[in-house]
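A.B. asks: Below is the structure I would like to discuss, written out as structure tokens.
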Amino acid sequence: MIQVSGLTKYFGPQKIFGDITWQIDRFQRSALVGHNGAGKSTILKIIAGKLEPDGGSVIIPKTMTVGYLPQEITSLDTQPALDLVLSGRQNLLDLEAEIERLQTQVQAHPNDALIAALGEKQHAFETAGGYRLRAEAQSIMASLGFSNDDFGKLTTEFSGGWQMRILLARLLLAKPDLLLLDEPTNHLDIESLAWLESFLGSYPGVLLIVSHDRAFLNHVIDGVAALDDNGLLMFPGNYDHYLEMREALEEQLEKNAEMQRQAIAEKQAFIERFRYKATKAKQVQSRIKQLEKMESVQLLQNRKKIHFHFPTPERVPQILLELRHVSKAYGDNVVYKDLDFRIYRGDKMALVAPNGAGKSTLIKILADVIPFEGERLLSDRVKFVYFAQHQIDALDFKKTLLEEAGDGLPNTITMTMLRSALGAFLFTNEDIDKPVSVLSGGEKNKLALAKLLLRAPNLLLLDEPTNHLDLDSREALEQALIDYPGTIVVISHDRWFIDKVCNKIATIDHGVIDIFDGTYSEHEAFVAAQNAQTESTAVDIETQNGKKKKRIEAAQQREAVKKATKHLADRVKKLEAQSADLEKKIAEMDDELSLPETYKNSARIKELTMAKSTAQKELDDVMENWMMAQEELDEAMKAFE
Amino acid sequence: MATRGKKYKEAIKLVDRQKRYDNIQEAMEIVKSMTSTKFDASVDVAVRLGVDPRHADQMVRGAVVLPHGIGKTVRVVVFASGEKEKEAREAGADFVGADDLVQKIADGWLDFDKAIATPDMMGKVGRLGRVLGPRGLMPNPKVGTVTTDVARAIKETKAGRVEFRVERAGIIHAPIGRASFDADKLAENFNALMEVLLKLKPATTKGTYVKSVTISSTMSPGVKIDRTLF
Ligand SMILES: Nc1ncnc2c1ncn2[C@@H]1O[C@H](COP(=O)(O)OP(=O)(O)OP(=O)(O)O)[C@@H](O)[C@H]1O
Ligand SMILES: [Mg+2]
């Protein structure tokens, strides 16, 4: 059990929170939520022992091990990634080294005492899982998206997001009794996110997670601690349940407040009326006392929202940006080949694709920040800004918020405009003189956004702009982008966000970009309807055209069809191979599961069962895609007949 | 599970799930009868002990030579040189070597069930930790596989020497033979194992030492033995 009592923290004169009391029980899995800057990360840091509170205490049993993933990377020792992950079990590495030493000693002077000592150490190492350590570390890293080549790469060669994954892998290997995670999902893609959900679902310790990711929290936690200016409020259940309860509570409190207002009004009226009547003096006195004693009902804190309006951008030509015959490959991995692509005025385009399909690559080519082959034509007067996935890494941490926001801005923006724009992002006067380095994760993200948006761009290239943002800020950004008169290309995992903001959906599939005019929901409905109707439509066309059909040179025809449908056929083949692989993998796991050795090893069983269910899910997806691709291919072929 | 389902369901009818058998031989008969004759399944014992394996001094680990063996040829390799190498060969080791054996295993050869080493080879063998360790093949003085008396270690292993150690939940798993063994032989093997296990009771354990005993074959449900026998 962990006991937090009377916790208070100030930064300078600013009180972040006061008198927080919280008892965390064994096996509890809680989310800590609250608006950007509420002090969530600060509480986590204090519990992790990285920061001293100004008042109160945190008591953690001595036997309990604690692990902490910060919201932002500090700096990593330069060493191979796998080594850093392994250092999560430093005690085992030390033991391993000692065993090696003893082995050499035993070889030189085989005496009984040394041999016995070696036996004990080796035994302890084996029992603690020492011999499986490396395999386990690699398997965790692989699940978080690292490839075999990455294990030996130096930590400093990785981008910020990947460095966070390395730290996360180290923690998950160490499996501390108390695991503190600050926004762990910001750095993950959908696949590794799903894995992390299931990993944490069976985590054998206490979990405390800060996150704004609703789906993730619903999977993992069983209680919510909500932090606002009034303190910490506890809600049992998952995140959706918390939202419902909170709303109900809000209503109730408002009702109470209203009833109290009425009671006060009545009492005051009574007092006014009978103040000078001696016969009622007693009743008047008692009502005055009652009023004095009454504590006003505390309402839940209602957040102001960002209300940002973009400076009106300059008018631009019909086509803002065009790619001609663009190709891009990373080593052997060809992402785009001979790609033509245009961005039109007024497009609010979402790039949608599974991870690794090349969304970020495309947006980087559009922003001209990576090398590629082919032509990129930027029209006159187009002023674009690029918000990278880890844009906050680009902030100057030494400057103050105000200095950094003003850095590189056009002269047309006055100090007053700048201050009011920052106010619109909910930065207070106290905040704007803070150095960037002390800002919370969400505050940094808002600053990075504000900075770009102030430049009156007419084209926004945004890669995951909602990371770290709380729900209110997310909605406010949505509204600002909806109102924005310019052009947008955006990548986001947040489907809700895309659906509200975007009017074009670009799907990327094996380097081919398909553009749909409409919202995300319309696109989904279209895809579903298309799948359902493919067959019947194809038949219709068949009968109508049946009689008119003329014989064309058979060979020539086949060749043409083949060429036109090659990308589809390739895709079908690729998916077939994938599903065969997966089937084989699953069969192998089944085999292992039925071995007596496995049957006795519950950890392995769990591992296998989990791996199997992941593979099974993957297989289902692949099969579905395969069916769709096959239908598409059939349809395409028929159209040629 | 699906493939196992039908047989398992048939077998489970034979065993009284609630009953704690106090006649070992009877228990062995039941395990044998529940096991398909198609292949000669291994018969295993699971003993749950009242120990906390996280405490080093409550870590029960040992070995027993079963009087009737486990009905399986055990392939033994020995890391030894000079005199000891000769001794190992004469005792019937399947492969004996020093640097050459280390190299062979490092190259991926793993066709053996047990590895034994003389202490003076441990510096070399240690380098194979990452290969042998995860497979439970690492020689360890604590269970008698690092020893100067290689002849005895080989003979015992071949004769049916079984190593066991307590796993995370306080459970010990060990084989005691095959379903084709006579029930009385299985019972004798079982008794030999239990005898050693009782001797290993750590001084620091509190409360009941033997919490439950279950016998099963690879494919059968478990038959519970009355723990008060021990
Ligand atoms: N060293 C410091 N000096 C001054 N202010 C600080 C310092 N550290 C943090 N703050 C402020 O304390 C507040 C709480 O920060 P914290 O990082 O705990 O917020 P948070 O709830 O984690 O927010 P987010 O959701 O954005 O991550 C913020 O307003 C931040 O600017
Ligand atoms: Mg934070």
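In the structure tokens, chains take the letters A, B, ... in the order shown, each chain's residues start at 1, and ligands count up from 1 in the order shown.
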Enumerate as a ChimeraX atom specification the residues within 10 Å of ligand 1, counting only C-alpha atoms and all ligand atoms.
C.D. replies: /A:9-17,32-46,51,70-72,182-183,210-212,227-228,401,427-428,430-446,467-471
A.B. asks: Within 7 Å of chain B, which residues of chain A show up when using only C-alpha atoms, listed as a JSON list (two decimals) with C-alpha atoms, in the first residue's frame?
C.D. replies:
```
[["chain", "number", "residue", "atom", "x", "y", "z"],
["A", 100, "GLU", "CA", 31.69, -15.47, -14.82],
["A", 103, "GLN", "CA", 33.77, -19.74, -13.10],
["A", 104, "THR", "CA", 37.22, -18.52, -14.03],
["A", 106, "VAL", "CA", 36.93, -22.33, -10.12],
["A", 107, "GLN", "CA", 38.72, -23.31, -13.30],
["A", 108, "ALA", "CA", 42.03, -22.10, -11.89],
["A", 110, "PRO", "CA", 38.82, -25.84, -8.03],
["A", 115, "ILE", "CA", 32.48, -24.48, -6.21],
["A", 116, "ALA", "CA", 29.69, -24.23, -3.65],
["A", 119, "GLY", "CA", 26.50, -23.31, -7.34],
["A", 120, "GLU", "CA", 24.53, -20.90, -5.19],
["A", 122, "GLN", "CA", 24.22, -19.90, -10.62],
["A", 131, "TYR", "CA", 19.10, -17.17, -18.52],
["A", 132, "ARG", "CA", 15.92, -15.94, -20.17],
["A", 596, "PRO", "CA", 4.54, -31.40, -21.91]]
```
A.B. asks: Which polymer residues have any atom within 12 Å of an atom of range 197-200 of chain B, counting only C-alpha atoms, with same-chain residues fewer than 6 positions away left out, as a compact mmCIF listing (two decimals) with all heavy atoms, in the first residue's frame?
C.D. replies:
```txt
# COMPACT_ATOMS: atom_id res chain seq x y z
N VAL B 45 4.87 -35.91 -11.40
CA VAL B 45 4.35 -35.53 -10.08
C VAL B 45 4.46 -34.02 -9.93
O VAL B 45 5.46 -33.43 -10.33
CB VAL B 45 5.17 -36.19 -8.97
CG1 VAL B 45 4.66 -35.75 -7.60
CG2 VAL B 45 5.11 -37.68 -9.08
N ALA B 46 3.42 -33.41 -9.38
CA ALA B 46 3.51 -32.00 -9.03
C ALA B 46 3.24 -31.88 -7.53
O ALA B 46 2.22 -32.34 -7.04
CB ALA B 46 2.48 -31.18 -9.81
N VAL B 47 4.19 -31.31 -6.84
CA VAL B 47 4.04 -31.16 -5.39
C VAL B 47 4.03 -29.68 -5.06
O VAL B 47 4.96 -28.95 -5.44
CB VAL B 47 5.21 -31.83 -4.63
CG1 VAL B 47 4.97 -31.74 -3.12
CG2 VAL B 47 5.37 -33.26 -5.06
N ARG B 48 2.98 -29.24 -4.39
CA ARG B 48 2.98 -27.85 -3.97
C ARG B 48 3.50 -27.79 -2.55
O ARG B 48 2.97 -28.45 -1.66
CB ARG B 48 1.59 -27.24 -4.05
CG ARG B 48 1.62 -25.72 -4.02
CD ARG B 48 0.40 -25.15 -4.74
NE ARG B 48 -0.82 -25.45 -4.02
CZ ARG B 48 -1.25 -24.75 -2.94
NH1 ARG B 48 -0.55 -23.72 -2.51
NH2 ARG B 48 -2.36 -25.07 -2.34
N LEU B 49 4.54 -26.98 -2.34
CA LEU B 49 5.17 -26.91 -1.04
C LEU B 49 4.85 -25.59 -0.36
O LEU B 49 4.66 -24.57 -1.02
CB LEU B 49 6.70 -27.01 -1.19
CG LEU B 49 7.24 -28.33 -1.76
CD1 LEU B 49 8.74 -28.24 -1.93
CD2 LEU B 49 6.86 -29.50 -0.86
N GLY B 50 4.81 -25.62 0.95
CA GLY B 50 4.58 -24.39 1.70
C GLY B 50 5.88 -23.63 1.90
O GLY B 50 6.29 -23.39 3.02
N VAL B 51 6.51 -23.25 0.79
CA VAL B 51 7.75 -22.47 0.89
C VAL B 51 7.59 -21.22 0.04
O VAL B 51 6.75 -21.18 -0.86
CB VAL B 51 8.97 -23.26 0.37
CG1 VAL B 51 9.22 -24.47 1.22
CG2 VAL B 51 8.79 -23.64 -1.09
N ASP B 57 16.77 -19.08 1.25
CA ASP B 57 16.91 -20.23 2.14
C ASP B 57 15.69 -21.16 2.11
O ASP B 57 15.65 -22.16 2.80
CB ASP B 57 17.21 -19.77 3.58
CG ASP B 57 16.12 -18.84 4.10
OD1 ASP B 57 15.20 -18.53 3.33
OD2 ASP B 57 16.20 -18.45 5.28
N GLN B 58 14.68 -20.79 1.34
CA GLN B 58 13.52 -21.67 1.22
C GLN B 58 13.45 -22.27 -0.18
O GLN B 58 12.41 -22.77 -0.60
CB GLN B 58 12.23 -20.91 1.53
CG GLN B 58 12.18 -20.45 2.95
CD GLN B 58 10.78 -20.03 3.34
OE1 GLN B 58 9.79 -20.37 2.70
NE2 GLN B 58 10.70 -19.29 4.42
N MET B 59 14.56 -22.19 -0.86
CA MET B 59 14.61 -22.63 -2.24
C MET B 59 14.90 -24.12 -2.24
O MET B 59 16.02 -24.52 -1.97
CB MET B 59 15.75 -21.82 -2.86
CG MET B 59 15.90 -21.97 -4.32
SD MET B 59 14.45 -21.43 -5.16
CE MET B 59 14.30 -22.80 -6.26
N VAL B 60 13.90 -24.93 -2.51
CA VAL B 60 14.11 -26.38 -2.49
C VAL B 60 14.59 -26.84 -3.87
O VAL B 60 13.95 -26.58 -4.87
CB VAL B 60 12.80 -27.11 -2.12
CG1 VAL B 60 13.02 -28.61 -2.17
CG2 VAL B 60 12.32 -26.67 -0.76
N ARG B 61 15.74 -27.47 -3.86
CA ARG B 61 16.30 -27.93 -5.12
C ARG B 61 17.14 -29.17 -4.86
O ARG B 61 17.86 -29.23 -3.88
CB ARG B 61 17.20 -26.82 -5.69
CG ARG B 61 17.85 -27.22 -6.99
CD ARG B 61 18.56 -26.05 -7.60
NE ARG B 61 18.80 -26.33 -9.00
CZ ARG B 61 19.19 -25.43 -9.88
NH1 ARG B 61 19.39 -24.19 -9.51
NH2 ARG B 61 19.39 -25.77 -11.12
N GLY B 62 17.03 -30.14 -5.69
CA GLY B 62 17.82 -31.34 -5.46
C GLY B 62 17.70 -32.33 -6.59
O GLY B 62 17.25 -32.00 -7.68
N ALA B 63 18.12 -33.57 -6.30
CA ALA B 63 18.09 -34.61 -7.31
C ALA B 63 17.84 -35.94 -6.63
O ALA B 63 18.17 -36.12 -5.46
CB ALA B 63 19.41 -34.65 -8.06
N VAL B 64 17.25 -36.86 -7.35
CA VAL B 64 16.98 -38.19 -6.80
C VAL B 64 17.24 -39.22 -7.89
O VAL B 64 16.98 -38.97 -9.06
CB VAL B 64 15.52 -38.29 -6.28
CG1 VAL B 64 14.53 -37.91 -7.36
CG2 VAL B 64 15.23 -39.68 -5.74
N VAL B 162 16.90 -37.72 -11.47
CA VAL B 162 15.97 -36.65 -11.81
C VAL B 162 16.26 -35.44 -10.96
O VAL B 162 16.40 -35.54 -9.75
CB VAL B 162 14.52 -37.12 -11.58
CG1 VAL B 162 13.56 -35.95 -11.64
CG2 VAL B 162 14.14 -38.18 -12.59
N GLU B 163 16.39 -34.30 -11.61
CA GLU B 163 16.62 -33.05 -10.87
C GLU B 163 15.30 -32.32 -10.73
O GLU B 163 14.46 -32.37 -11.61
CB GLU B 163 17.57 -32.15 -11.64
CG GLU B 163 18.99 -32.61 -11.64
CD GLU B 163 19.82 -31.79 -12.62
OE1 GLU B 163 19.39 -30.67 -12.96
OE2 GLU B 163 20.87 -32.29 -13.03
N PHE B 164 15.17 -31.64 -9.64
CA PHE B 164 13.96 -30.83 -9.48
C PHE B 164 14.28 -29.56 -8.72
O PHE B 164 15.29 -29.49 -8.02
CB PHE B 164 12.87 -31.62 -8.76
CG PHE B 164 13.33 -32.19 -7.44
CD1 PHE B 164 13.37 -31.39 -6.31
CD2 PHE B 164 13.77 -33.51 -7.35
CE1 PHE B 164 13.80 -31.89 -5.11
CE2 PHE B 164 14.21 -34.01 -6.14
CZ PHE B 164 14.23 -33.20 -5.01
N ARG B 165 13.45 -28.57 -8.91
CA ARG B 165 13.59 -27.36 -8.12
C ARG B 165 12.24 -26.66 -8.05
O ARG B 165 11.40 -26.81 -8.94
CB ARG B 165 14.64 -26.43 -8.69
CG ARG B 165 14.28 -25.82 -10.01
CD ARG B 165 15.44 -24.97 -10.47
NE ARG B 165 15.27 -24.57 -11.84
CZ ARG B 165 14.62 -23.47 -12.20
NH1 ARG B 165 14.07 -22.69 -11.29
NH2 ARG B 165 14.50 -23.16 -13.45
N VAL B 166 12.05 -25.93 -6.99
CA VAL B 166 10.76 -25.32 -6.78
C VAL B 166 10.59 -24.13 -7.73
O VAL B 166 11.50 -23.35 -7.96
CB VAL B 166 10.57 -24.92 -5.31
CG1 VAL B 166 11.59 -23.89 -4.88
CG2 VAL B 166 9.17 -24.43 -5.03
N ILE B 171 5.83 -24.74 -6.51
CA ILE B 171 5.51 -26.07 -7.02
C ILE B 171 6.77 -26.76 -7.55
O ILE B 171 7.63 -26.11 -8.15
CB ILE B 171 4.46 -25.98 -8.15
CG1 ILE B 171 3.17 -25.41 -7.56
CG2 ILE B 171 4.20 -27.35 -8.77
CD1 ILE B 171 2.07 -25.24 -8.55
N ILE B 172 6.84 -28.07 -7.30
CA ILE B 172 7.92 -28.86 -7.86
C ILE B 172 7.33 -29.85 -8.86
O ILE B 172 6.33 -30.50 -8.57
CB ILE B 172 8.66 -29.62 -6.73
CG1 ILE B 172 9.58 -28.62 -6.03
CG2 ILE B 172 9.41 -30.82 -7.27
CD1 ILE B 172 10.54 -29.24 -5.09
N HIS B 173 7.93 -29.90 -10.04
CA HIS B 173 7.49 -30.86 -11.04
C HIS B 173 8.61 -31.87 -11.27
O HIS B 173 9.77 -31.46 -11.40
CB HIS B 173 7.24 -30.16 -12.38
CG HIS B 173 5.99 -29.34 -12.40
ND1 HIS B 173 4.76 -29.90 -12.49
CD2 HIS B 173 5.79 -28.00 -12.34
CE1 HIS B 173 3.83 -28.96 -12.48
NE2 HIS B 173 4.44 -27.79 -12.38
N ALA B 174 8.28 -33.13 -11.34
CA ALA B 174 9.30 -34.12 -11.67
C ALA B 174 8.65 -35.33 -12.33
O ALA B 174 7.53 -35.71 -11.98
CB ALA B 174 10.05 -34.54 -10.42
N PHE B 190 7.91 -43.00 -7.06
CA PHE B 190 7.25 -41.87 -6.39
C PHE B 190 7.72 -41.75 -4.94
O PHE B 190 8.08 -40.67 -4.47
CB PHE B 190 5.73 -42.08 -6.45
CG PHE B 190 4.95 -41.11 -5.63
CD1 PHE B 190 4.71 -39.82 -6.09
CD2 PHE B 190 4.44 -41.47 -4.39
CE1 PHE B 190 4.00 -38.92 -5.34
CE2 PHE B 190 3.72 -40.57 -3.62
CZ PHE B 190 3.50 -39.29 -4.09
N ASN B 191 7.76 -42.89 -4.26
CA ASN B 191 8.18 -42.86 -2.87
C ASN B 191 9.62 -42.37 -2.71
O ASN B 191 9.94 -41.64 -1.78
CB ASN B 191 8.00 -44.23 -2.23
CG ASN B 191 6.52 -44.55 -2.03
OD1 ASN B 191 5.71 -43.63 -1.89
ND2 ASN B 191 6.16 -45.83 -2.05
N THR B 208 2.35 -25.98 7.06
CA THR B 208 2.41 -27.22 6.30
C THR B 208 3.50 -27.16 5.24
O THR B 208 3.61 -26.17 4.52
CB THR B 208 1.07 -27.45 5.57
OG1 THR B 208 0.03 -26.97 6.41
CG2 THR B 208 0.88 -28.89 5.22
N TYR B 209 4.28 -28.23 5.15
CA TYR B 209 5.34 -28.26 4.13
C TYR B 209 4.78 -28.79 2.81
O TYR B 209 4.85 -28.12 1.78
CB TYR B 209 6.49 -29.11 4.65
CG TYR B 209 7.62 -29.31 3.66
CD1 TYR B 209 8.23 -28.22 3.04
CD2 TYR B 209 8.09 -30.59 3.39
CE1 TYR B 209 9.27 -28.42 2.14
CE2 TYR B 209 9.14 -30.79 2.51
CZ TYR B 209 9.72 -29.71 1.88
OH TYR B 209 10.74 -29.91 1.00
N VAL B 210 4.19 -29.99 2.86
CA VAL B 210 3.60 -30.54 1.64
C VAL B 210 2.13 -30.13 1.59
O VAL B 210 1.32 -30.57 2.39
CB VAL B 210 3.72 -32.07 1.61
CG1 VAL B 210 3.00 -32.64 0.38
CG2 VAL B 210 5.19 -32.47 1.60
N VAL B 213 -0.31 -32.91 -3.49
CA VAL B 213 0.47 -33.77 -4.36
C VAL B 213 -0.46 -34.27 -5.47
O VAL B 213 -1.54 -34.78 -5.19
CB VAL B 213 1.02 -35.00 -3.59
CG1 VAL B 213 1.85 -35.87 -4.52
CG2 VAL B 213 1.84 -34.55 -2.39
N LEU B 229 -0.33 -38.16 4.15
CA LEU B 229 0.59 -39.30 4.12
C LEU B 229 2.03 -38.86 4.36
O LEU B 229 2.88 -39.67 4.67
CB LEU B 229 0.52 -39.99 2.76
CG LEU B 229 -0.77 -40.75 2.41
CD1 LEU B 229 -0.66 -41.31 1.00
CD2 LEU B 229 -1.00 -41.88 3.41
N PHE B 230 2.28 -37.58 4.18
CA PHE B 230 3.68 -37.16 4.22
C PHE B 230 4.00 -36.31 5.44
O PHE B 230 3.19 -35.55 5.89
CB PHE B 230 4.02 -36.38 2.94
CG PHE B 230 3.64 -37.13 1.72
CD1 PHE B 230 2.49 -36.83 1.02
CD2 PHE B 230 4.41 -38.23 1.31
CE1 PHE B 230 2.11 -37.56 -0.08
CE2 PHE B 230 4.02 -38.95 0.20
CZ PHE B 230 2.88 -38.62 -0.51
```
A.B. asks: Which one is closest to ligand 2: A:Gly56, A:Pro184, A:Gly518, A:Gly231? Count only C-alpha atoms and all ligand atoms.
C.D. replies: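 Selected residue with least distance to ligand 2: A:Pro184.
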A.B. asks: Just want the 9 Å neighbourhood of Thr157 in chain B, counted on only C-alpha atoms, with same-chain residues fewer than 4 positions away dropped. Output as JSON, numbers by chain.
C.D. replies: {"B": [65, 74, 75, 76, 114, 152, 153, 161, 162]}
A.B. asks: Can you write out the residues you just picked, keeping N, CA, C and O atoms, as a compact mmCIF listing (two decimals), in the first residue's frame?
C.D. replies:
```txt
# COMPACT_ATOMS: atom_id res chain seq x y z
N VAL B 65 17.83 -40.35 -7.48
CA VAL B 65 17.98 -41.44 -8.45
C VAL B 65 16.80 -42.38 -8.25
O VAL B 65 16.64 -42.99 -7.20
N VAL B 74 18.92 -41.30 -21.60
CA VAL B 74 19.35 -39.93 -21.39
C VAL B 74 20.70 -39.75 -22.06
O VAL B 74 21.64 -40.49 -21.79
N ARG B 75 20.76 -38.77 -22.97
CA ARG B 75 22.03 -38.54 -23.67
C ARG B 75 22.86 -37.53 -22.90
O ARG B 75 22.39 -36.42 -22.62
N VAL B 76 24.07 -37.95 -22.52
CA VAL B 76 24.89 -37.13 -21.62
C VAL B 76 26.15 -36.65 -22.33
O VAL B 76 26.84 -37.44 -22.97
N LYS B 114 21.55 -33.82 -21.06
CA LYS B 114 22.18 -33.42 -19.81
C LYS B 114 23.65 -33.10 -20.07
O LYS B 114 24.29 -33.73 -20.90
N ARG B 152 30.41 -41.28 -11.57
CA ARG B 152 29.19 -41.48 -10.80
C ARG B 152 28.05 -40.62 -11.35
O ARG B 152 26.93 -41.09 -11.52
N ALA B 153 28.37 -39.37 -11.66
CA ALA B 153 27.33 -38.47 -12.19
C ALA B 153 26.72 -39.03 -13.46
O ALA B 153 25.51 -39.01 -13.66
N ARG B 161 18.41 -40.41 -12.92
CA ARG B 161 18.58 -39.36 -11.94
C ARG B 161 17.72 -38.18 -12.38
O ARG B 161 17.77 -37.73 -13.52
N VAL B 162 16.90 -37.72 -11.47
CA VAL B 162 15.97 -36.65 -11.81
C VAL B 162 16.26 -35.44 -10.96
O VAL B 162 16.40 -35.54 -9.75
```
A.B. asks: Which residue out of A:Asp407, A:Asp472, A:Asp393, A:Asp621 has the minimum interatomic distance to Ser159 in chain A when only C-alpha atoms are used?
C.D. replies: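 Among A:Asp407, A:Asp472, A:Asp393, A:Asp621, it is A:Asp393 that comes nearest to Ser159 in chain A.
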A.B. asks: Give the strand (DSSP E or B) residues of range 79-221 of chain B, as assigned by DSSP on the backbone, as a ChimeraX atom specification.
C.D. replies: /B:79,95-97,114-117,146,161-165,171-178,210-217
A.B. asks: Keeping only N, CA and C atoms, write those residues as a compact mmCIF listing (two decimals), in the first residue's frame.
C.D. replies:
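That gives us selection12.txt:
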```txt
# COMPACT_ATOMS: atom_id res chain seq x y z
N PHE B 79 31.98 -32.23 -20.18
CA PHE B 79 33.13 -31.35 -20.41
C PHE B 79 34.25 -31.80 -19.49
N PHE B 95 29.08 -38.10 -25.34
CA PHE B 95 30.07 -37.26 -26.00
C PHE B 95 30.94 -36.62 -24.93
N VAL B 96 32.24 -36.66 -25.13
CA VAL B 96 33.14 -36.05 -24.16
C VAL B 96 34.08 -35.12 -24.90
N GLY B 97 34.33 -33.95 -24.33
CA GLY B 97 35.27 -33.05 -24.98
C GLY B 97 35.54 -31.84 -24.13
N LYS B 114 21.55 -33.82 -21.06
CA LYS B 114 22.18 -33.42 -19.81
C LYS B 114 23.65 -33.10 -20.07
N ALA B 115 24.16 -32.09 -19.38
CA ALA B 115 25.58 -31.76 -19.51
C ALA B 115 26.23 -31.79 -18.14
N ILE B 116 27.39 -32.42 -18.10
CA ILE B 116 28.15 -32.53 -16.85
C ILE B 116 29.52 -31.93 -17.11
N ALA B 117 30.10 -31.30 -16.08
CA ALA B 117 31.42 -30.70 -16.27
C ALA B 117 32.27 -30.91 -15.04
N VAL B 146 28.31 -30.36 -11.72
CA VAL B 146 29.71 -29.91 -11.76
C VAL B 146 30.41 -30.71 -10.68
N ARG B 161 18.41 -40.41 -12.92
CA ARG B 161 18.58 -39.36 -11.94
C ARG B 161 17.72 -38.18 -12.38
N VAL B 162 16.90 -37.72 -11.47
CA VAL B 162 15.97 -36.65 -11.81
C VAL B 162 16.26 -35.44 -10.96
N GLU B 163 16.39 -34.30 -11.61
CA GLU B 163 16.62 -33.05 -10.87
C GLU B 163 15.30 -32.32 -10.73
N PHE B 164 15.17 -31.64 -9.64
CA PHE B 164 13.96 -30.83 -9.48
C PHE B 164 14.28 -29.56 -8.72
N ARG B 165 13.45 -28.57 -8.91
CA ARG B 165 13.59 -27.36 -8.12
C ARG B 165 12.24 -26.66 -8.05
N ILE B 171 5.83 -24.74 -6.51
CA ILE B 171 5.51 -26.07 -7.02
C ILE B 171 6.77 -26.76 -7.55
N ILE B 172 6.84 -28.07 -7.30
CA ILE B 172 7.92 -28.86 -7.86
C ILE B 172 7.33 -29.85 -8.86
N HIS B 173 7.93 -29.90 -10.04
CA HIS B 173 7.49 -30.86 -11.04
C HIS B 173 8.61 -31.87 -11.27
N ALA B 174 8.28 -33.13 -11.34
CA ALA B 174 9.30 -34.12 -11.67
C ALA B 174 8.65 -35.33 -12.33
N PRO B 175 9.36 -35.95 -13.30
CA PRO B 175 8.84 -37.17 -13.90
C PRO B 175 9.15 -38.36 -12.98
N ILE B 176 8.28 -39.36 -12.97
CA ILE B 176 8.59 -40.57 -12.19
C ILE B 176 8.48 -41.84 -13.02
N GLY B 177 8.41 -41.70 -14.33
CA GLY B 177 8.37 -42.90 -15.16
C GLY B 177 7.43 -42.73 -16.32
N ARG B 178 7.01 -43.86 -16.89
CA ARG B 178 6.13 -43.82 -18.05
C ARG B 178 4.86 -44.63 -17.77
N VAL B 210 4.19 -29.99 2.86
CA VAL B 210 3.60 -30.54 1.64
C VAL B 210 2.13 -30.13 1.59
N LYS B 211 1.79 -29.26 0.65
CA LYS B 211 0.42 -28.74 0.63
C LYS B 211 -0.49 -29.55 -0.28
N SER B 212 0.05 -30.05 -1.36
CA SER B 212 -0.75 -30.93 -2.21
C SER B 212 0.17 -31.73 -3.10
N VAL B 213 -0.31 -32.91 -3.49
CA VAL B 213 0.47 -33.77 -4.36
C VAL B 213 -0.46 -34.27 -5.47
N THR B 214 -0.03 -34.09 -6.70
CA THR B 214 -0.86 -34.51 -7.82
C THR B 214 -0.04 -35.35 -8.78
N ILE B 215 -0.62 -36.44 -9.24
CA ILE B 215 0.08 -37.26 -10.23
C ILE B 215 -0.73 -37.22 -11.52
N SER B 216 -0.02 -37.09 -12.62
CA SER B 216 -0.73 -37.08 -13.89
C SER B 216 0.19 -37.59 -14.98
N SER B 217 -0.39 -37.98 -16.09
CA SER B 217 0.46 -38.26 -17.26
C SER B 217 0.31 -37.06 -18.18
```
A.B. asks: If we count only C-alpha atoms, what is near Leu188 in chain A at a cut-off of 12 Å, once residues fewer than 6 positions away on the same chain are taken out, given as number ranges by chain?
C.D. replies: A: 143-146, 160-166, 168-169, 194-197, 213, 216, 355, 389, 464, 467, 493
A.B. asks: Hey, what's within 6 Å of range 320-331 of chain A if we count only C-alpha atoms and toss same-chain stuff fewer than 2 positions away? As a PyMOL selection string, please?
C.D. replies: chain A and resi 333-344+372-379
